[in-house]
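S.K.: Provided herewith: input_34.pdb, PDB, C-alpha atoms and all ligand atoms.
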```
ATOM      1  CA  MET A   7      -9.156  18.163   8.451
ATOM      2  CA  LEU A   8      -8.420  17.713  12.149
ATOM      3  CA  THR A   9      -7.931  14.138  13.307
ATOM      4  CA  THR A  10      -7.207  12.464  16.638
ATOM      5  CA  LYS A  11      -3.461  13.229  16.438
ATOM      6  CA  ASP A  12      -4.251  16.969  16.413
ATOM      7  CA  ILE A  13      -5.945  16.785  19.816
ATOM      8  CA  VAL A  14      -3.602  17.776  22.644
ATOM      9  CA  ARG A  15      -3.564  15.295  25.539
ATOM     10  CA  ASP A  16      -3.244  15.788  29.283
ATOM     11  CA  PRO A  17      -0.817  16.761  30.820
ATOM     12  CA  ASP A  18       0.168  19.195  28.022
ATOM     13  CA  PRO A  19       0.628  22.575  29.745
ATOM     14  CA  ILE A  20      -1.650  24.434  27.310
ATOM     15  CA  LEU A  21      -4.575  22.546  28.884
ATOM     16  CA  ARG A  22      -3.797  24.365  32.139
ATOM     17  CA  LYS A  23      -3.568  27.846  30.608
ATOM     18  CA  LYS A  24      -6.174  30.604  30.883
ATOM     19  CA  VAL A  25      -6.269  31.328  27.155
ATOM     20  CA  ALA A  26      -6.302  34.805  25.632
ATOM     21  CA  GLU A  27      -9.336  36.800  24.498
ATOM     22  CA  ILE A  28      -9.525  37.096  20.715
ATOM     23  CA  GLU A  29      -8.905  40.741  19.796
ATOM     24  CA  LYS A  30      -9.300  40.383  16.058
ATOM     25  CA  ILE A  31     -11.517  37.762  14.423
ATOM     26  CA  ASP A  32      -9.258  37.266  11.407
ATOM     27  CA  ASP A  33      -9.661  34.681   8.639
ATOM     28  CA  GLU A  34      -7.210  32.287  10.293
ATOM     29  CA  THR A  35      -9.216  32.317  13.539
ATOM     30  CA  VAL A  36     -12.489  31.683  11.705
ATOM     31  CA  SER A  37     -11.025  28.809   9.696
ATOM     32  CA  GLN A  38      -9.519  27.244  12.838
ATOM     33  CA  LEU A  39     -12.895  27.434  14.601
ATOM     34  CA  LYS A  40     -14.616  25.919  11.572
ATOM     35  CA  GLU A  41     -12.056  23.078  11.602
ATOM     36  CA  MET A  42     -12.891  22.431  15.261
ATOM     37  CA  ARG A  43     -16.578  22.190  14.390
ATOM     38  CA  GLU A  44     -15.779  19.973  11.389
ATOM     39  CA  TYR A  45     -13.911  17.575  13.690
ATOM     40  CA  LEU A  46     -17.081  17.197  15.786
ATOM     41  CA  VAL A  47     -19.314  16.728  12.726
ATOM     42  CA  ASN A  48     -16.909  14.154  11.221
ATOM     43  CA  SER A  49     -16.507  12.353  14.551
ATOM     44  CA  GLN A  50     -20.259  11.798  14.791
ATOM     45  CA  ASN A  51     -20.492  10.410  11.270
ATOM     46  CA  GLU A  52     -20.013   6.680  11.744
ATOM     47  CA  GLU A  53     -18.288   6.087   8.398
ATOM     48  CA  THR A  54     -15.906   9.069   8.682
ATOM     49  CA  ALA A  55     -15.160   8.377  12.360
ATOM     50  CA  GLU A  56     -14.367   4.771  11.480
ATOM     51  CA  LYS A  57     -12.265   5.715   8.459
ATOM     52  CA  TYR A  58     -10.099   8.272  10.343
ATOM     53  CA  GLY A  59     -10.298   6.739  13.845
ATOM     54  CA  LEU A  60     -12.085   9.715  15.379
ATOM     55  CA  ARG A  61     -13.485   9.610  18.949
ATOM     56  CA  PRO A  62     -17.091  10.887  18.693
ATOM     57  CA  GLY A  63     -16.974  14.339  20.273
ATOM     58  CA  VAL A  64     -19.731  16.806  21.093
ATOM     59  CA  GLY A  65     -17.576  19.787  22.080
ATOM     60  CA  LEU A  66     -14.050  21.089  21.531
ATOM     61  CA  ALA A  67     -12.169  24.094  22.943
ATOM     62  CA  ALA A  68      -9.290  25.800  21.100
ATOM     63  CA  PRO A  69      -6.539  24.877  23.625
ATOM     64  CA  GLN A  70      -7.330  21.219  22.845
ATOM     65  CA  ILE A  71      -5.861  21.755  19.410
ATOM     66  CA  GLY A  72      -2.992  23.803  20.824
ATOM     67  CA  LEU A  73      -4.485  27.276  20.225
ATOM     68  CA  ASP A  74      -4.191  30.000  22.871
ATOM     69  CA  LYS A  75      -7.573  31.473  21.826
ATOM     70  CA  ARG A  76     -10.858  31.884  23.716
ATOM     71  CA  MET A  77     -13.141  29.994  21.375
ATOM     72  CA  LEU A  78     -15.088  26.733  21.359
ATOM     73  CA  ALA A  79     -17.320  24.607  19.164
ATOM     74  CA  VAL A  80     -20.319  22.510  20.193
ATOM     75  CA  TYR A  81     -22.072  20.110  17.842
ATOM     76  CA  MET A  82     -24.771  17.723  19.106
ATOM     77  CA  GLU A  83     -27.118  15.733  16.929
ATOM     78  CA  ASP A  84     -30.477  14.295  17.965
ATOM     79  CA  GLU A  85     -31.239  10.586  17.655
ATOM     80  CA  ASP A  86     -32.174  11.078  13.979
ATOM     81  CA  GLY A  87     -28.747  12.565  13.283
ATOM     82  CA  VAL A  88     -30.168  16.064  12.880
ATOM     83  CA  ALA A  89     -27.956  18.857  14.261
ATOM     84  CA  GLU A  90     -29.711  19.816  17.501
ATOM     85  CA  HIS A  91     -27.064  22.208  18.905
ATOM     86  CA  ASP A  92     -24.499  23.717  16.580
ATOM     87  CA  TYR A  93     -22.357  26.595  17.945
ATOM     88  CA  MET A  94     -19.030  28.260  17.260
ATOM     89  CA  LEU A  95     -18.441  30.753  20.078
ATOM     90  CA  ILE A  96     -15.748  33.440  20.363
ATOM     91  CA  ASN A  97     -14.882  35.065  23.739
ATOM     92  CA  PRO A  98     -17.794  33.322  25.497
ATOM     93  CA  LYS A  99     -18.862  34.579  28.952
ATOM     94  CA  VAL A 100     -21.370  33.231  31.475
ATOM     95  CA  LYS A 101     -23.843  36.087  32.132
ATOM     96  CA  SER A 102     -26.006  34.222  34.660
ATOM     97  CA  HIS A 103     -26.678  30.735  35.905
ATOM     98  CA  SER A 104     -29.094  28.743  38.055
ATOM     99  CA  VAL A 105     -28.366  27.922  41.666
ATOM    100  CA  THR A 106     -29.529  24.384  40.915
ATOM    101  CA  GLU A 107     -26.758  22.052  39.841
ATOM    102  CA  THR A 108     -26.850  19.089  37.473
ATOM    103  CA  TYR A 109     -24.552  16.240  36.504
ATOM    104  CA  LEU A 110     -24.216  13.473  33.925
ATOM    105  CA  PRO A 111     -25.095  10.288  35.844
ATOM    106  CA  GLY A 112     -22.213   8.427  34.182
ATOM    107  CA  GLY A 113     -19.696  11.148  34.927
ATOM    108  CA  GLU A 114     -17.637  12.917  32.242
ATOM    109  CA  GLY A 115     -14.696  12.159  29.985
ATOM    110  CA  CYS A 116     -12.583  14.393  27.777
ATOM    111  CA  LEU A 117     -11.126  14.208  24.281
ATOM    112  CA  SER A 118      -7.840  15.303  25.867
ATOM    113  CA  VAL A 119      -7.901  12.614  28.582
ATOM    114  CA  ASP A 120      -7.349   9.057  27.388
ATOM    115  CA  GLU A 121      -8.125   7.251  30.621
ATOM    116  CA  ASP A 122     -11.486   7.030  32.397
ATOM    117  CA  VAL A 123     -11.788   9.109  35.555
ATOM    118  CA  PRO A 124     -14.924   7.998  37.434
ATOM    119  CA  GLY A 125     -16.939  10.466  39.479
ATOM    120  CA  LEU A 126     -19.722  13.014  39.216
ATOM    121  CA  VAL A 127     -18.963  16.467  37.848
ATOM    122  CA  HIS A 128     -21.454  19.025  39.171
ATOM    123  CA  ARG A 129     -22.289  21.941  36.910
ATOM    124  CA  TYR A 130     -25.047  24.600  36.770
ATOM    125  CA  GLN A 131     -28.313  23.200  35.420
ATOM    126  CA  ARG A 132     -29.055  26.393  33.416
ATOM    127  CA  ILE A 133     -26.703  29.032  32.073
ATOM    128  CA  LYS A 134     -26.938  32.176  29.944
ATOM    129  CA  ILE A 135     -23.900  32.750  27.707
ATOM    130  CA  LYS A 136     -22.875  35.828  25.723
ATOM    131  CA  ALA A 137     -20.325  35.418  22.928
ATOM    132  CA  LEU A 138     -19.412  36.590  19.442
ATOM    133  CA  ASP A 139     -20.149  34.477  16.373
ATOM    134  CA  THR A 140     -17.715  34.012  13.490
ATOM    135  CA  GLU A 141     -18.896  37.299  11.954
ATOM    136  CA  GLY A 142     -18.211  39.113  15.227
ATOM    137  CA  LYS A 143     -21.939  39.527  15.979
ATOM    138  CA  PRO A 144     -23.009  39.196  19.609
ATOM    139  CA  VAL A 145     -24.945  35.993  20.372
ATOM    140  CA  GLU A 146     -26.772  35.014  23.542
ATOM    141  CA  ILE A 147     -27.427  31.359  24.372
ATOM    142  CA  LYS A 148     -29.659  30.001  27.115
ATOM    143  CA  ALA A 149     -28.714  26.388  27.794
ATOM    144  CA  LYS A 150     -30.003  23.768  30.189
ATOM    145  CA  GLY A 151     -29.355  20.069  30.835
ATOM    146  CA  HIS A 152     -26.928  18.241  28.581
ATOM    147  CA  LEU A 153     -26.146  21.290  26.413
ATOM    148  CA  ALA A 154     -25.411  23.326  29.555
ATOM    149  CA  VAL A 155     -23.018  20.595  30.722
ATOM    150  CA  VAL A 156     -21.189  20.485  27.397
ATOM    151  CA  ILE A 157     -20.816  24.272  27.216
ATOM    152  CA  GLN A 158     -19.545  24.496  30.812
ATOM    153  CA  HIS A 159     -17.082  21.645  30.144
ATOM    154  CA  GLU A 160     -15.713  23.612  27.153
ATOM    155  CA  LEU A 161     -15.682  26.939  29.030
ATOM    156  CA  ASP A 162     -13.581  25.260  31.731
ATOM    157  CA  HIS A 163     -10.996  24.356  29.066
ATOM    158  CA  LEU A 164     -10.599  28.084  28.278
ATOM    159  CA  ASP A 165      -9.628  28.600  31.938
ATOM    160  CA  GLY A 166      -7.320  25.572  32.197
ATOM    161  CA  ILE A 167      -9.810  23.551  34.256
ATOM    162  CA  MET A 168     -10.169  19.799  33.571
ATOM    163  CA  PHE A 169     -13.389  17.906  34.380
ATOM    164  CA  TYR A 170     -11.680  15.750  37.018
ATOM    165  CA  ASP A 171     -10.711  18.897  38.986
ATOM    166  CA  ARG A 172     -14.399  19.057  39.865
ATOM    167  CA  ILE A 173     -14.793  15.492  41.170
ATOM    168  CA  ASP A 174     -15.120  15.327  44.963
ATOM    169  CA  GLU A 175     -12.132  13.262  46.179
ATOM    170  CA  ASP A 176     -13.900  11.912  49.270
ATOM    171  CA  MET A 177     -17.325  11.086  47.758
ATOM    172  CA  PRO A 178     -16.831  11.002  43.974
ATOM    173  CA  MET A 179     -20.109   9.163  43.282
ATOM    174  CA  GLU A 180     -22.247  11.156  45.725
ATOM    175  CA  PRO A 181     -24.651  13.678  44.129
ATOM    176  CA  LYS A 182     -24.613  17.017  45.995
ATOM    177  CA  ILE A 183     -27.791  17.990  47.876
ATOM    178  CA  GLY A 184     -30.315  19.456  45.443
ATOM    179  CA  ALA A 185     -28.394  18.430  42.318
ATOM    180  CA  ARG A 186     -30.475  16.873  39.517
ATOM    181  CA  PRO A 187     -29.175  14.303  37.026
ATOM    182  CA  VAL A 188     -29.277  15.350  33.342
ATOM    183  CA  GLU A 189     -32.369  13.866  31.701
ATOM    184  CA  PHE A 190     -31.733  12.501  28.192
TER
HETATM  185  C1  LIG B   1     -14.885  12.698  25.837
HETATM  186  C2  LIG B   1     -16.010  12.128  25.009
HETATM  187  C3  LIG B   1     -16.498  10.840  25.621
HETATM  188  C4  LIG B   1     -15.522  11.885  23.601
HETATM  189  C5  LIG B   1     -17.194  13.106  25.006
HETATM  190  N1  LIG B   1     -18.160  12.538  24.094
HETATM  191  C6  LIG B   1     -19.455  12.605  24.325
HETATM  192  O1  LIG B   1     -19.937  13.129  25.298
HETATM  193  N2  LIG B   1     -20.155  11.988  23.303
HETATM  194  C7  LIG B   1     -21.500  11.901  23.165
HETATM  195  C8  LIG B   1     -22.376  12.163  24.215
HETATM  196  C9  LIG B   1     -23.730  12.031  23.962
HETATM  197  F1  LIG B   1     -24.592  12.270  24.925
HETATM  198  C10 LIG B   1     -24.175  11.671  22.710
HETATM  199  C11 LIG B   1     -23.262  11.435  21.702
HETATM  200  F2  LIG B   1     -23.680  11.095  20.503
HETATM  201  C12 LIG B   1     -21.923  11.552  21.904
HETATM  202  C13 LIG B   1     -16.839  14.492  24.498
HETATM  203  O2  LIG B   1     -16.865  14.701  23.294
HETATM  204  N3  LIG B   1     -16.521  15.470  25.375
HETATM  205  C14 LIG B   1     -16.096  16.735  24.805
HETATM  206  C15 LIG B   1     -14.738  17.202  25.316
HETATM  207  O3  LIG B   1     -13.917  16.467  25.828
HETATM  208  N4  LIG B   1     -14.563  18.494  25.161
HETATM  209  O4  LIG B   1     -13.444  19.089  25.618
HETATM  210  C16 LIG B   1     -16.636  15.364  26.821
HETATM  211  C17 LIG B   1     -18.083  15.580  27.275
HETATM  212  C18 LIG B   1     -18.164  15.369  28.787
HETATM  213  C19 LIG B   1     -19.235  16.271  29.271
HETATM  214  C20 LIG B   1     -19.430  17.319  28.235
HETATM  215  C21 LIG B   1     -18.603  17.012  27.054
HETATM  216 ZN    ZN B   2     -12.746  18.127  27.339
END
```
Would you write the structure of this file as structure tokens?
M.R.:
Amino acid sequence: MLTTKDIVRDPDPILRKKVAEIEKIDDETVSQLKEMREYLVNSQNEETAEKYGLRPGVGLAAPQIGLDKRMLAVYMEDEDGVAEHDYMLINPKVKSHSVTETYLPGGEGCLSVDEDVPGLVHRYQRIKIKALDTEGKPVEIKAKGHLAVVIQHELDHLDGIMFYDRIDEDMPMEPKIGARPVEF
């Protein structure tokens, strides 16, 4: 199982790489993607997270475990601990997005960044994603709000973009005109 030591930390150069499209969805790729999802599931289970010292994560991109592969996992439970969003995406692409932007009022963090970096990260409020699933079947996801933020945060990792690249240096805490905070 993946644990905290397997997560690559800033400033490892792989976090700044535009990672490669997956040409062949072979067994190794599928098992690596499943391990990424498992990390997220384990990290949100209080007992397991405690036992293995896992930081509770809701999304993980392949370069964060040192893989030069365009794939990501998202796993978000609702307040009853039921899986609300559970995705393993291969070669994901944004097909369309809203003009309206959104942001997490508390800013963002990253499993690959150990220190806090305060500031708002503006992202599209709604996005439509096309990707392949682990069987190579095309999937289309329409996301808004918190899920849209998580997916865009992970997509950035596939292009070597870190969340703090998107914080305005002059007015880090200032919401952009027309941007709406994510409602939980
Ligand atoms: C960096 C960290 C703080 C661990 C962040 N966790 C997180 O958002 N946890 C969370 C949020 C909830 F709303 C409810 C809940 F149960 C747990 C996270 O996993 N990521 C993923 C990451 O670093 N991927 O590369 C950072 C988030 C910042 C915005 C989107 C993802
Ligand atoms: Zn991250």
S.K.: Which is closest to ligand LIG 1 (chain B) among A:Ala149, A:Ile71, A:Val64, A:Val127, if we use all atoms listed in the file?
M.R.: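 Counting all atoms listed in the file, the residue closest to ligand LIG 1 (chain B) is A:Val64.
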S.K.: Between A:Glu175, A:Asp18, A:Asp74, A:Asp122, which has the minimum distance to Gln38 of chain A (counting only C-alpha atoms)?
M.R.: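 Counting only C-alpha atoms, the residue closest to Gln38 of chain A is A:Asp74.
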S.K.: If we count all atoms listed in the file, what is near Met168 of chain A at a cut-off of 8 Å, once residues fewer than 5 positions away on the same chain are taken out, given as a PyMOL selection string?
M.R.: chain A and resi 21-22+159+162-163
S.K.: Give the residue list for ligand LIG 1 (chain B) at 6 Å, counting all atoms listed in the file, as a list in words, sorted by chain and then by residue number.
M.R.: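 The neighbouring residues of ligand LIG 1 (chain B) are, in order, Arg61, Pro62, Gly63, Val64, Gly65, Leu66, Ala67, Glu114, Gly115, Cys116, Leu117, Val155, Val156, His159 and Glu160 of chain A.
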S.K.: Could you expand the PyMOL selection byres (((chain A and resi 190) around 9) and not hetatm) into the explicit residues it covers here, written as a list in words?
M.R.: Gly151, His152, Val188 and Glu189 of chain A
S.K.: If we count only C-alpha atoms and set the cut-off at 9 Å, which residues sit around Ser49 of chain A, ignoring sequence neighbours fewer than 2 positions away in its own chain? Please answer as a PDB file with C-alpha atoms, keeping the file's coordinate frame.
M.R.:
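Just written: around_11.pdb:
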```pdb
ATOM      1  CA  THR A   9      -7.931  14.138  13.307  1.00  0.00           C
ATOM      2  CA  GLU A  44     -15.779  19.973  11.389  1.00  0.00           C
ATOM      3  CA  TYR A  45     -13.911  17.575  13.690  1.00  0.00           C
ATOM      4  CA  LEU A  46     -17.081  17.197  15.786  1.00  0.00           C
ATOM      5  CA  VAL A  47     -19.314  16.728  12.726  1.00  0.00           C
ATOM      6  CA  ASN A  51     -20.492  10.410  11.270  1.00  0.00           C
ATOM      7  CA  GLU A  52     -20.013   6.680  11.744  1.00  0.00           C
ATOM      8  CA  GLU A  53     -18.288   6.087   8.398  1.00  0.00           C
ATOM      9  CA  THR A  54     -15.906   9.069   8.682  1.00  0.00           C
ATOM     10  CA  ALA A  55     -15.160   8.377  12.360  1.00  0.00           C
ATOM     11  CA  GLU A  56     -14.367   4.771  11.480  1.00  0.00           C
ATOM     12  CA  TYR A  58     -10.099   8.272  10.343  1.00  0.00           C
ATOM     13  CA  GLY A  59     -10.298   6.739  13.845  1.00  0.00           C
ATOM     14  CA  LEU A  60     -12.085   9.715  15.379  1.00  0.00           C
ATOM     15  CA  ARG A  61     -13.485   9.610  18.949  1.00  0.00           C
ATOM     16  CA  PRO A  62     -17.091  10.887  18.693  1.00  0.00           C
ATOM     17  CA  GLY A  63     -16.974  14.339  20.273  1.00  0.00           C
ATOM     18  CA  VAL A  64     -19.731  16.806  21.093  1.00  0.00           C
TER      19      VAL A  64
END
```
S.K.: So what does the PyMOL selection byres (((chain A and resi 184) around 8) and not hetatm) actually pick up in this one, as a list in words?
M.R.: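 That selection, the PyMOL selection byres (((chain A and resi 184) around 8) and not hetatm), comes back as Thr106, Glu107, Lys182, Ile183, Ala185 and Arg186 of chain A.
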S.K.: Step by step, work through what the PyMOL selection byres (((chain A and resi 78) around 7) and not hetatm) selects in the shown file, and finish by giving those residues as a ChimeraX atom specification.
M.R.: /A:66-68,77,79-80,94-96,160
S.K.: Work out how far apart atom CA of Lys30 of chain A and atom CA of Pro144 of chain A are and give it in Å to one decimal.
M.R.: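 Answer for the atom CA of Lys30 of chain A to atom CA of Pro144 of chain A separation: 14.2 Å.
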S.K.: Tell me which of A:Val119, A:Lys11, A:Asp139, A:Ile133 sits closest to ligand ZN 2 (chain B), counting all atoms listed in the file.
M.R.: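 Checking each candidate against ligand ZN 2 (chain B), we get A:Val119 as the closest.
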S.K.: Which one is closest to Leu138 of chain A: A:Gly72, A:Met42, A:Lys99, A:Pro17? Count only C-alpha atoms.
M.R.: A:Lys99
